[in-house]
Every structure is written in C-alpha cells, then in structure tokens.
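Coordinates from input.cif are shown below (mmCIF, C-alpha atoms and all ligand atoms).
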data_protein
#
loop_
_atom_site.label_atom_id
_atom_site.label_comp_id
_atom_site.auth_asym_id
_atom_site.auth_seq_id
_atom_site.Cartn_x
_atom_site.Cartn_y
_atom_site.Cartn_z
CA MET A 16 6.75 -15.39 33.71
CA PHE A 17 8.58 -12.10 33.22
CA ASN A 18 8.05 -8.66 31.70
CA ALA A 19 8.82 -7.72 28.12
CA LEU A 20 7.97 -4.86 25.79
CA VAL A 21 6.04 -6.64 23.03
CA VAL A 22 5.28 -5.01 19.68
CA THR A 23 2.27 -6.44 17.84
CA ARG A 24 1.03 -5.65 14.31
CA ASP A 25 -2.61 -5.78 13.20
CA GLU A 26 -4.06 -6.69 9.81
CA GLU A 27 -3.78 -3.08 8.66
CA LYS A 28 -0.05 -3.29 9.54
CA LYS A 29 -0.44 -0.83 12.42
CA THR A 30 1.97 -1.62 15.25
CA ALA A 31 1.41 -1.20 19.00
CA ALA A 32 3.93 -1.63 21.83
CA SER A 33 3.00 -2.58 25.41
CA VAL A 34 4.55 -4.27 28.45
CA GLN A 35 3.35 -7.88 28.65
CA GLN A 36 4.15 -11.03 30.62
CA ILE A 37 5.90 -13.75 28.62
CA GLY A 38 7.54 -17.06 29.60
CA LEU A 39 10.89 -18.78 28.94
CA ASP A 40 9.18 -21.00 26.36
CA ASP A 41 8.25 -17.92 24.35
CA LEU A 42 11.91 -16.95 23.88
CA PRO A 43 13.55 -17.87 20.58
CA ALA A 44 16.12 -20.68 20.27
CA GLY A 45 19.72 -19.88 21.26
CA ASP A 46 22.63 -21.23 23.31
CA VAL A 47 22.69 -18.71 26.12
CA THR A 48 19.86 -17.37 28.29
CA VAL A 49 20.66 -14.05 29.95
CA ALA A 50 18.95 -12.38 32.91
CA VAL A 51 18.87 -8.88 31.45
CA GLU A 52 19.67 -6.05 33.84
CA TYR A 53 19.72 -2.99 31.58
CA SER A 54 19.00 -2.05 28.00
CA THR A 55 18.97 1.30 26.22
CA VAL A 56 17.40 3.36 23.41
CA ASN A 57 19.18 3.91 20.10
CA TYR A 58 17.81 5.47 16.93
CA LYS A 59 17.19 1.99 15.52
CA ASP A 60 15.21 1.07 18.63
CA GLY A 61 12.92 3.99 17.86
CA LEU A 62 12.21 2.40 14.48
CA CYS A 63 11.64 -1.08 15.95
CA ILE A 64 9.36 0.11 18.79
CA GLY A 65 7.31 1.93 16.14
CA PRO A 66 6.42 0.80 12.62
CA GLY A 67 9.73 -1.06 12.17
CA GLY A 68 11.32 0.82 9.29
CA GLY A 69 11.60 -2.51 7.45
CA LEU A 70 13.96 -3.86 10.14
CA VAL A 71 11.56 -6.20 11.98
CA ARG A 72 10.69 -9.43 10.15
CA ASN A 73 8.07 -11.08 12.34
CA TYR A 74 5.49 -10.05 14.94
CA PRO A 75 4.94 -10.22 17.86
CA HIS A 76 8.40 -8.77 18.41
CA VAL A 77 10.56 -7.86 21.41
CA PRO A 78 12.84 -4.94 20.43
CA GLY A 79 16.01 -3.73 22.17
CA ILE A 80 19.20 -3.83 20.08
CA ASP A 81 21.43 -3.82 23.18
CA PHE A 82 21.43 -5.46 26.58
CA ALA A 83 23.74 -6.24 29.47
CA GLY A 84 23.16 -8.77 32.21
CA THR A 85 24.14 -12.09 33.77
CA VAL A 86 24.21 -15.50 32.12
CA GLU A 87 21.48 -17.70 33.58
CA ALA A 88 21.93 -20.85 31.46
CA SER A 89 24.42 -21.76 28.75
CA ASP A 90 24.94 -24.64 26.30
CA ASP A 91 28.20 -23.06 25.11
CA ASP A 92 31.61 -23.65 26.75
CA ARG A 93 32.55 -19.98 26.53
CA TYR A 94 29.86 -18.90 29.01
CA LYS A 95 28.64 -20.22 32.35
CA PRO A 96 25.90 -19.09 34.75
CA GLY A 97 26.95 -15.95 36.62
CA ASP A 98 29.11 -14.49 33.80
CA LYS A 99 28.48 -10.82 33.06
CA VAL A 100 27.88 -10.16 29.37
CA VAL A 101 27.00 -7.39 26.95
CA LEU A 102 25.36 -7.63 23.55
CA THR A 103 25.14 -5.09 20.74
CA GLY A 104 24.34 -5.63 17.07
CA TRP A 105 23.95 -8.87 15.08
CA ARG A 106 20.40 -7.68 14.25
CA VAL A 107 19.25 -8.59 17.76
CA GLY A 108 16.19 -6.46 18.54
CA GLU A 109 15.39 -6.33 14.80
CA ALA A 110 15.44 -9.76 13.14
CA HIS A 111 15.79 -11.50 16.55
CA TRP A 112 14.13 -10.76 19.88
CA GLY A 113 16.15 -8.27 21.89
CA GLY A 114 16.85 -6.69 25.24
CA TYR A 115 13.52 -5.09 26.20
CA ALA A 116 12.69 -8.03 28.49
CA GLN A 117 13.85 -9.41 31.81
CA LYS A 118 15.33 -12.40 29.96
CA ALA A 119 16.82 -12.89 26.50
CA ARG A 120 18.04 -15.99 24.64
CA VAL A 121 20.75 -15.51 22.00
CA LYS A 122 23.68 -17.14 20.22
CA ALA A 123 26.88 -17.27 22.26
CA ASP A 124 28.76 -15.83 19.26
CA TRP A 125 26.90 -12.54 19.68
CA LEU A 126 27.96 -11.96 23.29
CA VAL A 127 31.02 -10.16 24.64
CA PRO A 128 32.18 -10.57 28.26
CA LEU A 129 31.57 -7.32 30.13
CA PRO A 130 34.97 -5.59 30.19
CA GLU A 131 36.73 -5.06 33.49
CA GLY A 132 35.89 -1.63 34.88
CA LEU A 133 32.33 -1.45 33.49
CA ASP A 134 29.13 -2.67 35.16
CA ALA A 135 25.94 -3.62 33.28
CA ARG A 136 24.37 -0.19 33.76
CA GLN A 137 27.46 1.64 32.50
CA ALA A 138 27.69 -0.71 29.52
CA MET A 139 24.14 0.25 28.58
CA ALA A 140 24.83 3.94 29.12
CA VAL A 141 27.39 3.30 26.37
CA GLY A 142 25.22 0.92 24.27
CA THR A 143 25.41 0.63 20.50
CA ALA A 144 25.61 4.42 20.18
CA GLY A 145 28.68 4.69 22.41
CA PHE A 146 30.27 1.50 21.10
CA THR A 147 29.93 2.91 17.57
CA ALA A 148 31.40 6.24 18.66
CA MET A 149 34.45 4.32 19.94
CA LEU A 150 34.72 2.38 16.65
CA ALA A 151 34.65 5.72 14.83
CA VAL A 152 37.42 7.19 17.01
CA MET A 153 39.51 4.02 16.54
CA ALA A 154 39.06 4.26 12.75
CA LEU A 155 40.16 7.91 12.76
CA GLU A 156 43.24 6.99 14.83
CA ASP A 157 44.04 4.06 12.53
CA HIS A 158 44.01 6.60 9.66
CA GLY A 159 46.40 8.99 11.33
CA LEU A 160 44.38 11.23 13.66
CA LYS A 161 46.77 12.78 16.20
CA THR A 162 46.20 15.26 19.00
CA GLY A 163 47.43 18.79 18.37
CA SER A 164 46.44 18.82 14.72
CA GLY A 165 43.31 20.94 15.16
CA PRO A 166 39.69 20.45 16.17
CA VAL A 167 37.79 17.23 15.52
CA LEU A 168 34.20 17.82 14.42
CA VAL A 169 31.34 15.78 15.91
CA THR A 170 27.95 16.12 14.18
CA GLY A 171 24.67 15.35 15.96
CA ALA A 172 26.74 16.11 19.03
CA ALA A 173 23.94 16.11 21.63
CA GLY A 174 22.67 12.70 20.48
CA GLY A 175 23.94 9.34 21.74
CA VAL A 176 26.79 8.73 19.29
CA GLY A 177 27.77 12.40 19.37
CA SER A 178 27.80 12.71 23.17
CA VAL A 179 30.03 9.67 23.66
CA ALA A 180 32.33 10.66 20.77
CA THR A 181 32.69 14.14 22.27
CA ALA A 182 33.60 12.80 25.72
CA ILE A 183 36.10 10.24 24.38
CA LEU A 184 37.84 12.65 21.99
CA ALA A 185 38.11 15.35 24.65
CA HIS A 186 39.50 12.84 27.16
CA LEU A 187 42.12 11.78 24.60
CA GLY A 188 43.27 15.41 24.37
CA HIS A 189 41.57 16.54 21.17
CA GLU A 190 39.88 19.88 20.70
CA VAL A 191 36.25 19.00 19.92
CA ALA A 192 33.79 21.09 17.90
CA GLY A 193 30.22 19.85 18.40
CA VAL A 194 27.52 20.51 15.80
CA THR A 195 24.06 20.77 17.31
CA GLY A 196 20.62 21.94 16.25
CA ARG A 197 19.71 22.42 19.91
CA PRO A 198 21.53 25.54 21.20
CA GLU A 199 20.22 24.80 24.70
CA THR A 200 22.57 21.79 24.85
CA ALA A 201 25.69 23.99 24.62
CA ASP A 202 26.47 23.79 28.37
CA TYR A 203 25.95 20.03 28.31
CA LEU A 204 28.33 19.64 25.35
CA THR A 205 30.90 21.88 27.01
CA SER A 206 30.66 19.76 30.16
CA LEU A 207 31.49 16.69 28.03
CA GLY A 208 34.60 18.46 26.77
CA ALA A 209 33.54 20.31 23.59
CA THR A 210 35.57 23.47 23.13
CA GLN A 211 33.51 24.87 20.25
CA ILE A 212 29.78 24.71 19.47
CA VAL A 213 28.76 24.92 15.81
CA ALA A 214 25.11 25.71 14.96
CA ARG A 215 23.47 23.10 12.73
CA GLU A 216 22.29 25.78 10.27
CA GLU A 217 25.91 26.69 9.56
CA LEU A 218 26.57 23.26 8.04
CA ASN A 219 23.13 22.22 6.84
CA GLU A 220 23.08 24.47 3.82
CA THR A 221 24.56 23.13 0.63
CA THR A 222 27.23 25.18 -1.10
CA LYS A 223 28.41 25.15 -4.69
CA ARG A 224 32.02 25.37 -3.48
CA PRO A 225 33.49 21.85 -3.32
CA LEU A 226 36.33 23.07 -1.08
CA GLU A 227 36.17 25.54 1.80
CA SER A 228 38.80 26.48 4.39
CA GLU A 229 40.52 23.49 6.01
CA ASN A 230 38.96 23.42 9.49
CA TRP A 231 38.82 19.88 10.86
CA SER A 232 41.51 17.30 11.63
CA GLY A 233 38.86 14.56 11.83
CA CYS A 234 35.12 14.11 12.04
CA VAL A 235 32.67 11.68 13.65
CA ASP A 236 29.52 12.14 11.58
CA ALA A 237 26.16 10.92 12.91
CA VAL A 238 24.13 13.02 10.48
CA GLY A 239 25.04 12.21 6.85
CA GLY A 240 23.19 13.98 4.03
CA ALA A 241 23.94 17.58 3.10
CA MET A 242 25.93 18.13 6.30
CA LEU A 243 28.37 15.31 5.54
CA ALA A 244 28.80 16.64 2.00
CA ARG A 245 29.61 20.08 3.36
CA VAL A 246 32.00 18.74 6.01
CA LEU A 247 34.03 16.81 3.41
CA GLY A 248 34.96 20.13 1.79
CA GLN A 249 36.13 21.55 5.14
CA MET A 250 38.51 18.74 6.16
CA LYS A 251 42.22 19.40 6.50
CA TYR A 252 44.61 17.83 3.99
CA GLY A 253 44.68 14.01 4.44
CA ALA A 254 42.10 14.03 7.26
CA SER A 255 39.32 11.46 7.68
CA VAL A 256 35.59 11.48 8.32
CA ALA A 257 34.07 8.46 10.07
CA ALA A 258 30.53 8.14 8.64
CA VAL A 259 28.36 6.63 11.35
CA GLY A 260 24.78 7.76 10.86
CA LEU A 261 22.00 9.22 8.78
CA ALA A 262 20.02 11.31 11.26
CA GLY A 263 19.93 14.09 8.65
CA GLY A 264 19.46 11.88 5.59
CA ALA A 265 20.88 8.93 3.67
CA GLY A 266 21.82 10.93 0.58
CA LEU A 267 25.26 12.34 -0.06
CA PRO A 268 25.08 15.38 -2.36
CA ALA A 269 28.87 15.73 -2.60
CA THR A 270 31.64 15.99 -5.19
CA VAL A 271 34.79 13.85 -5.28
CA ILE A 272 36.98 16.98 -5.20
CA PRO A 273 37.91 16.74 -1.47
CA PHE A 274 39.14 13.17 -2.08
CA LEU A 275 41.18 14.12 -5.13
CA LEU A 276 42.64 17.48 -4.13
CA ARG A 277 42.96 17.08 -0.37
CA GLY A 278 43.31 13.32 0.07
CA VAL A 279 40.33 13.32 2.41
CA ASN A 280 39.17 9.85 3.53
CA LEU A 281 35.57 8.79 4.09
CA LEU A 282 35.55 5.83 6.49
CA GLY A 283 32.44 3.68 6.85
CA ILE A 284 31.58 2.52 10.36
CA ASP A 285 29.36 -0.50 10.98
CA SER A 286 28.73 -1.69 14.51
CA VAL A 287 26.29 -4.51 13.72
CA MET A 288 28.50 -7.15 12.07
CA GLN A 289 31.76 -6.01 13.70
CA PRO A 290 34.11 -9.00 14.27
CA TYR A 291 34.53 -10.29 17.83
CA ASP A 292 38.18 -9.26 18.30
CA ASN A 293 37.48 -5.66 17.36
CA ARG A 294 34.45 -5.64 19.66
CA VAL A 295 36.63 -6.70 22.58
CA ARG A 296 39.20 -4.05 21.62
CA ALA A 297 36.53 -1.34 21.43
CA TRP A 298 34.97 -2.27 24.80
CA GLN A 299 38.42 -2.24 26.41
CA ARG A 300 39.10 1.19 24.95
CA ILE A 301 35.72 2.41 26.26
CA ALA A 302 36.58 1.21 29.78
CA ARG A 303 39.91 3.07 29.49
CA ASP A 304 39.11 6.24 27.53
CA LEU A 305 35.54 7.20 28.42
CA PRO A 306 35.46 9.04 31.76
CA MET A 307 32.68 7.53 33.86
CA ASP A 308 31.61 10.88 35.36
CA LYS A 309 31.04 12.22 31.83
CA LEU A 310 29.11 9.06 30.92
CA GLU A 311 26.93 9.53 34.01
CA ALA A 312 26.17 13.12 32.95
CA MET A 313 24.67 11.77 29.68
CA VAL A 314 22.31 9.30 31.35
CA GLN A 315 18.55 9.58 31.50
CA PRO A 316 16.98 6.63 33.41
CA ALA A 317 13.89 4.81 32.10
CA THR A 318 11.76 1.68 32.53
CA LEU A 319 10.10 -0.66 30.02
CA SER A 320 6.84 1.30 30.15
CA ASP A 321 8.63 4.54 29.12
CA LEU A 322 9.81 2.99 25.86
CA PRO A 323 6.93 3.79 23.46
CA LYS A 324 7.37 7.51 24.18
CA LEU A 325 11.18 7.38 24.13
CA GLY A 326 11.10 5.54 20.80
CA ALA A 327 9.09 8.37 19.25
CA ASP A 328 11.34 10.98 20.91
CA ILE A 329 14.56 9.55 19.49
CA LEU A 330 13.09 9.45 15.97
CA ALA A 331 12.23 13.14 16.41
CA GLY A 332 15.84 13.92 17.46
CA GLN A 333 14.63 14.84 20.95
CA VAL A 334 16.68 12.49 23.14
CA LYS A 335 19.70 14.09 24.78
CA GLY A 336 22.64 11.80 25.50
CA ARG A 337 21.88 8.22 26.47
CA VAL A 338 18.83 6.50 27.93
CA VAL A 339 19.44 3.60 30.34
CA VAL A 340 16.47 1.25 30.67
CA ASP A 341 16.19 -0.72 33.92
CA VAL A 342 14.15 -3.69 32.67
CA ASN A 343 13.50 -4.94 36.19
P1 LIG B 1 20.32 10.26 18.40
O1 LIG B 1 18.92 10.56 17.96
O2 LIG B 1 20.61 10.12 19.85
O3 LIG B 1 21.30 11.38 17.82
C1 LIG B 1 21.19 11.91 16.53
C2 LIG B 1 21.46 13.40 16.59
O4 LIG B 1 21.56 13.91 15.27
C3 LIG B 1 20.32 14.19 17.23
O5 LIG B 1 20.38 14.20 18.63
C4 LIG B 1 20.58 15.56 16.64
O6 LIG B 1 21.66 16.13 17.36
C5 LIG B 1 21.10 15.25 15.24
N1 LIG B 1 20.03 15.35 14.24
C6 LIG B 1 18.80 14.80 14.26
N2 LIG B 1 18.12 15.12 13.15
C7 LIG B 1 18.93 15.91 12.41
C8 LIG B 1 18.78 16.56 11.16
N3 LIG B 1 17.66 16.46 10.45
N4 LIG B 1 19.82 17.28 10.69
C9 LIG B 1 20.97 17.38 11.40
N5 LIG B 1 21.16 16.79 12.61
C10 LIG B 1 20.16 16.06 13.10
O7 LIG B 1 20.75 8.94 17.62
P2 LIG B 1 22.09 8.06 17.84
O8 LIG B 1 23.17 8.93 18.34
O9 LIG B 1 21.73 6.82 18.56
O10 LIG B 1 22.40 7.65 16.33
C11 LIG B 1 22.88 8.63 15.43
C12 LIG B 1 22.89 8.05 14.02
O11 LIG B 1 23.85 7.03 13.93
C13 LIG B 1 21.57 7.44 13.57
O12 LIG B 1 21.36 7.73 12.21
C14 LIG B 1 21.79 5.96 13.76
O13 LIG B 1 20.97 5.18 12.94
C15 LIG B 1 23.24 5.85 13.41
N6 LIG B 1 23.93 4.71 14.02
C16 LIG B 1 24.69 3.93 13.21
C17 LIG B 1 25.40 2.88 13.72
C18 LIG B 1 26.31 2.10 12.85
O14 LIG B 1 26.64 0.96 13.16
N7 LIG B 1 26.79 2.69 11.77
C19 LIG B 1 25.26 2.50 15.14
C20 LIG B 1 24.52 3.46 15.93
C21 LIG B 1 23.85 4.50 15.36
P3 LIG B 1 21.63 17.66 17.83
O15 LIG B 1 20.34 17.85 18.56
O16 LIG B 1 22.85 17.83 18.66
O17 LIG B 1 21.67 18.46 16.55
#
So that I can check it, write out the structure of this file as structure tokens.
Ligand code: NDP
Amino acid sequence: MFNALVVTRDEEKKTAASVQQIGLDDLPAGDVTVAVEYSTVNYKDGLCIGPGGGLVRNYPHVPGIDFAGTVEASDDDRYKPGDKVVLTGWRVGEAHWGGYAQKARVKADWLVPLPEGLDARQAMAVGTAGFTAMLAVMALEDHGLKTGSGPVLVTGAAGGVGSVATAILAHLGHEVAGVTGRPETADYLTSLGATQIVAREELNETTKRPLESENWSGCVDAVGGAMLARVLGQMKYGASVAAVGLAGGAGLPATVIPFLLRGVNLLGIDSVMQPYDNRVRAWQRIARDLPMDKLEAMVQPATLSDLPKLGADILAGQVKGRVVVDVN
C-alpha cells in the first residue's frame, strides 16, 4: 500500500481531496510503473484537485499532471527498472491518474528520460509550467527573436510559467520586462533577471488604439484576455507573442491591425500533446539554459497533504514561482 491524494465526488457533484492509502492493483493499466519521487502544482492541478473544471472524467481520481521518479517495472523495451524519467502532459492527472501518489502507472510513450544535469526534484521545480516556458522561448527564437533587439515582455511573471520564462530569457542575454499584479514580488523578479517591472494595471485596461508605441521584441504571455490584446498593439515590427495561458481570461478582445500593419505573430503553445522529439529538445535546453540557482529561488516545498490548499491558492493567483511536492 502507498499514499496518494485521492479526489472523490459525491452525488451532488461536490468533490473532496484527501490523502489515502491505495495499492498497486488500484493503479490504471499501462506499460511502465514508476516510483514517483516528486510532483508539482500547476494551474491545471488546481482545477483537478478542486471541482475539475471539466478536465477530470472519472472519480475517484488521482491528480498531478507532472511527476519525476524511477522506473520500477516496465513491459516496454525503451525503459528498464532504475531508469530516471519525467512525465508532463498527455492528459495525465486529468483523464488518467497522475503524479500525486508514491507510484504511477502510465504508457511508455508519455515518458521522457530525465535529461543529464537535472535530478527528479529539479525536473519538478520546472514541471509543466517551466517546460511550457521553454517551449515558448524556443518558438520565439524559431520566429526570429534575437538578443539586443529590445526587452522581451513576460506576463504573469511571478507565476510558474512567468518565473521560469524570466530566468531563461535573462540567462540567454535578453532584457526582460515582467508584468505582475503583485508589486511585492518585484525583488524576486529582479533576482530572476527581470530588468523592468510593469504593473498589471498598466496593461489590463483595454484601449481603443489598435497600435501603441513599439515596446517589445517578444512576449511570453501566461495571461491572455485583455492583456494579450493590449500587448499585441505594443509589439515591435515583425515580433512574436507566444500565447501560453489564460490566467486573465480566455477571450481575446483584439483587432487584426497589429498583424496587418506590423507583421506581428501570435504563436500558440501547447505542452500537452507536444511530440516526443521536441520534448527531448526542450528538456535539454532547460538543463542548459535555466540556471539552477535561479530555479532553486523559485521553489516552495510541499507534501501531499498540502495540496488541497495549494490547489485553491494557485487558482486564486496566489502561488509564487514553483511548488515542489515530495510525495514520499
Ligand atoms: P500561475 O498561477 O503560477 O501563474 C499565473 C500568473 O498570472 C499569476 O501568478 C499572476 O501573476 C497572473 N495572473 C493571475 N490572474 C491574473 C489576472 N486576472 N490578470 C492578470 N494576471 C493574472 O500559473 P502557471 O504559471 O502554472 O500557468 C499560467 C497559465 O498558463 C495558466 O493559464 C495555465 O493554464 C497556462 N498553461 C498553459 C500550458 C500550455 O500547454 N499552453 C501549460 C502550462 C500552463 P502575477 O501575480 O505576477 O501578476
């Protein structure tokens, strides 16, 4: 028997999460069983620990969209007992049981070998949020982002995606402007490498002007909504915005003018169904381009029993940086 955070749902569709003992036979079918060492808390985890946000299909459910650990048993040639692995995405923790347990059973296709230079704890300090931040930076680079062309904007900067994006971009030599609604995080963001702090109110208000002065050479946007619309009108000629998240809303009250008159690009970033080769490339880039001391400065440690509170906190935009959950 081992510990897991189990979410149950009653007849009135009210959910409740608690740490329970489950057995290997309770785990879903899959080719690889992993002894989980660490997991983490992303925005989506907040939804799945709570009422589900339509993501969870069946109850009881074990959430946790990310985990890292050691292979315990494998029916797949690619993995053998003792291998270190990391998993993000593939709807694990939503449609499938996830990483908030001491053991997980999954498809081999969903795993990535832990990259050289990262241990399981560091991989979970990165997690889906950090992995997605790296995908966003790679997409901006693939569309021409170069150092020395002006500040790169990061929205939701003190959150998980934003913190990792800030640290990576700064390490790569970019000036980074971080947008935050929490002025008290300014020192933290500066320590990650931000050179400019932009107050959320400055960008949250809609404007009738489709184009404003050309401020940003790129943008990693975790917020969406009115802020993304506003940012599009402030991009430099030919620059790109990597749209990652919707912390501020799923709508996009924008005009097409920035696309037509400034050649601005809006790049969609999806971490969940990302092909294997690009996953490996992103994890290698993380090991190379994310300074581990900066990553450590983002980390808040937690255990399985802290998760119900942390889930609510992340939905309220109150988690700073990255939570690392020691499931053991
Ligand atoms: P966090 O909660 O850690 O960060 C989100 C940040 O956004 C907050 O910390 C806050 O930053 C800011 N924020 C929150 N509410 C608002 C608001 N109403 N208006 C403006 N800013 C706001 O979440 P993550 O970093 O884990 O995820 C960020 C987003 O990215 C989420 O929407 C998530 O679903 C999405 N995501 C998408 C992925 C993909 O594959 N496309 C993968 C991972 C995440 P501050 O306090 O600094 O203002």
Could you tell me which of A:Met307, A:Val169, A:Ala31, A:Ile37 comes closest to Leu243 in chain A if we count all atoms listed in the file?
A:Val169
Which chain A residues have any atom within 6 Å of an atom of ligand LIG 1 (chain B), and for each, what is the nearest pair of atoms with distance in Å to one decimal, counting only C-alpha atoms and all ligand atoms, rows sorted by chain and number, as CSV?
residue,atom,partner,partner_atom,distance
A:Asn57,CA,B:LIG1,O9,4.2
A:Tyr58,CA,B:LIG1,O9,4.5
A:Lys59,CA,B:LIG1,O13,5.6
A:Thr143,CA,B:LIG1,C20,5.4
A:Ala144,CA,B:LIG1,C20,4.5
A:Thr147,CA,B:LIG1,C19,5.3
A:Gly171,CA,B:LIG1,O6,3.4
A:Ala172,CA,B:LIG1,O16,4.3
A:Ala173,CA,B:LIG1,O16,3.6
A:Gly174,CA,B:LIG1,O3,3.3
A:Gly175,CA,B:LIG1,O8,3.5
A:Val176,CA,B:LIG1,O8,3.7
A:Gly177,CA,B:LIG1,O8,5.9
A:Thr195,CA,B:LIG1,O17,3.4
A:Gly196,CA,B:LIG1,O17,3.6
A:Arg197,CA,B:LIG1,O15,4.8
A:Ala237,CA,B:LIG1,C12,4.5
A:Val238,CA,B:LIG1,N5,5.3
A:Val259,CA,B:LIG1,N7,4.3
A:Gly260,CA,B:LIG1,O11,3.3
A:Leu261,CA,B:LIG1,O12,3.8
A:Ala262,CA,B:LIG1,O12,3.9
A:Gly263,CA,B:LIG1,C8,3.7
A:Ile284,CA,B:LIG1,N7,5.0
A:Asp285,CA,B:LIG1,O14,3.8
A:Ser286,CA,B:LIG1,O14,3.6
A:Val287,CA,B:LIG1,O14,5.5
A:Ile329,CA,B:LIG1,O1,4.7
A:Gly332,CA,B:LIG1,C6,4.4
A:Val334,CA,B:LIG1,O2,5.6
May I have the selected residues written with C-alpha atoms, as a PDB file, in the frame of the given file?
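Result file follows (out_5.pdb):
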ATOM      1  CA  ASN A  57      19.180   3.910  20.100  1.00  0.00           C
ATOM      2  CA  TYR A  58      17.810   5.470  16.930  1.00  0.00           C
ATOM      3  CA  LYS A  59      17.190   1.990  15.520  1.00  0.00           C
ATOM      4  CA  THR A 143      25.410   0.630  20.500  1.00  0.00           C
ATOM      5  CA  ALA A 144      25.610   4.420  20.180  1.00  0.00           C
ATOM      6  CA  THR A 147      29.930   2.910  17.570  1.00  0.00           C
ATOM      7  CA  GLY A 171      24.670  15.350  15.960  1.00  0.00           C
ATOM      8  CA  ALA A 172      26.740  16.110  19.030  1.00  0.00           C
ATOM      9  CA  ALA A 173      23.940  16.110  21.630  1.00  0.00           C
ATOM     10  CA  GLY A 174      22.670  12.700  20.480  1.00  0.00           C
ATOM     11  CA  GLY A 175      23.940   9.340  21.740  1.00  0.00           C
ATOM     12  CA  VAL A 176      26.790   8.730  19.290  1.00  0.00           C
ATOM     13  CA  GLY A 177      27.770  12.400  19.370  1.00  0.00           C
ATOM     14  CA  THR A 195      24.060  20.770  17.310  1.00  0.00           C
ATOM     15  CA  GLY A 196      20.620  21.940  16.250  1.00  0.00           C
ATOM     16  CA  ARG A 197      19.710  22.420  19.910  1.00  0.00           C
ATOM     17  CA  ALA A 237      26.160  10.920  12.910  1.00  0.00           C
ATOM     18  CA  VAL A 238      24.130  13.020  10.480  1.00  0.00           C
ATOM     19  CA  VAL A 259      28.360   6.630  11.350  1.00  0.00           C
ATOM     20  CA  GLY A 260      24.780   7.760  10.860  1.00  0.00           C
ATOM     21  CA  LEU A 261      22.000   9.220   8.780  1.00  0.00           C
ATOM     22  CA  ALA A 262      20.020  11.310  11.260  1.00  0.00           C
ATOM     23  CA  GLY A 263      19.930  14.090   8.650  1.00  0.00           C
ATOM     24  CA  ILE A 284      31.580   2.520  10.360  1.00  0.00           C
ATOM     25  CA  ASP A 285      29.360  -0.500  10.980  1.00  0.00           C
ATOM     26  CA  SER A 286      28.730  -1.690  14.510  1.00  0.00           C
ATOM     27  CA  VAL A 287      26.290  -4.510  13.720  1.00  0.00           C
ATOM     28  CA  ILE A 329      14.560   9.550  19.490  1.00  0.00           C
ATOM     29  CA  GLY A 332      15.840  13.920  17.460  1.00  0.00           C
ATOM     30  CA  VAL A 334      16.680  12.490  23.140  1.00  0.00           C
TER      31      VAL A 334
END
Adding 3 Å on each side of the box along x, y and z that holds all listed atoms of range 89-92 of chain A, could you give its centre and edge lengths in Å to one decimal, as lines of an AutoDock Vina configuration file?
center_x = 28.0
center_y = -23.2
center_z = 26.9
size_x = 13.2
size_y = 8.9
size_z = 9.6
Using only C-alpha atoms, the shortest atom-to-atom distance to Ala19 in chain A among A:Pro78, A:Gly248, A:Pro43, A:Gly61 belongs to A:Pro78
Spatial neighbours of Leu310 in chain A, max dist 9 Å, only C-alpha atoms, sep filter under 6 positions, as a PyMOL selection string
chain A and resi 137+140-141+178-179+182+207+336-337
Any idea what's packed within 10 Å of Gly165 in chain A, counting only C-alpha atoms, ignoring anything in its chain fewer than 6 positions away? Could you give it as a PyMOL selection string?
chain A and resi 189-192+229-233+251
Do you know which residues are at most 7 Å from range 268-280 of chain A counting only C-alpha atoms, after dropping those on the same chain fewer than 2 positions away, and could you put them as a list of chain:residue names?
A:Pro225, A:Leu226, A:Gly240, A:Ala241, A:Ala244, A:Leu247, A:Gly248, A:Met250, A:Tyr252, A:Gly253, A:Ala254, A:Ser255, A:Val256, A:Gly266, A:Leu282
Would you mind listing what lies within 6 Å of Ala83 in chain A as a ChimeraX atom specification, with all atoms listed in the file counted and same-chain residues fewer than 5 positions away left out?
/A:51-53,100-101,135
With C-alpha atoms retained, write the just-selected residues as an mmCIF file, in the coordinates of the input.
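Once written, again.cif looks like this:
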data_model
loop_
_atom_site.group_PDB
_atom_site.id
_atom_site.type_symbol
_atom_site.label_atom_id
_atom_site.label_comp_id
_atom_site.auth_asym_id
_atom_site.auth_seq_id
_atom_site.Cartn_x
_atom_site.Cartn_y
_atom_site.Cartn_z
ATOM 1 C CA VAL A 51 18.870 -8.880 31.450
ATOM 2 C CA GLU A 52 19.670 -6.050 33.840
ATOM 3 C CA TYR A 53 19.720 -2.990 31.580
ATOM 4 C CA VAL A 100 27.880 -10.160 29.370
ATOM 5 C CA VAL A 101 27.000 -7.390 26.950
ATOM 6 C CA ALA A 135 25.940 -3.620 33.280
#
Within 9 Å of Leu184 in chain A, counting all atoms listed in the file, which residues show up once you throw out same-chain ones fewer than 6 positions away? Write them as a list in words, please.
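Residues near the query, excluding close chain neighbours: Val152, Val167, Glu190, Val191, Gly208, Ala209, Asp304 and Leu305 of chain A.
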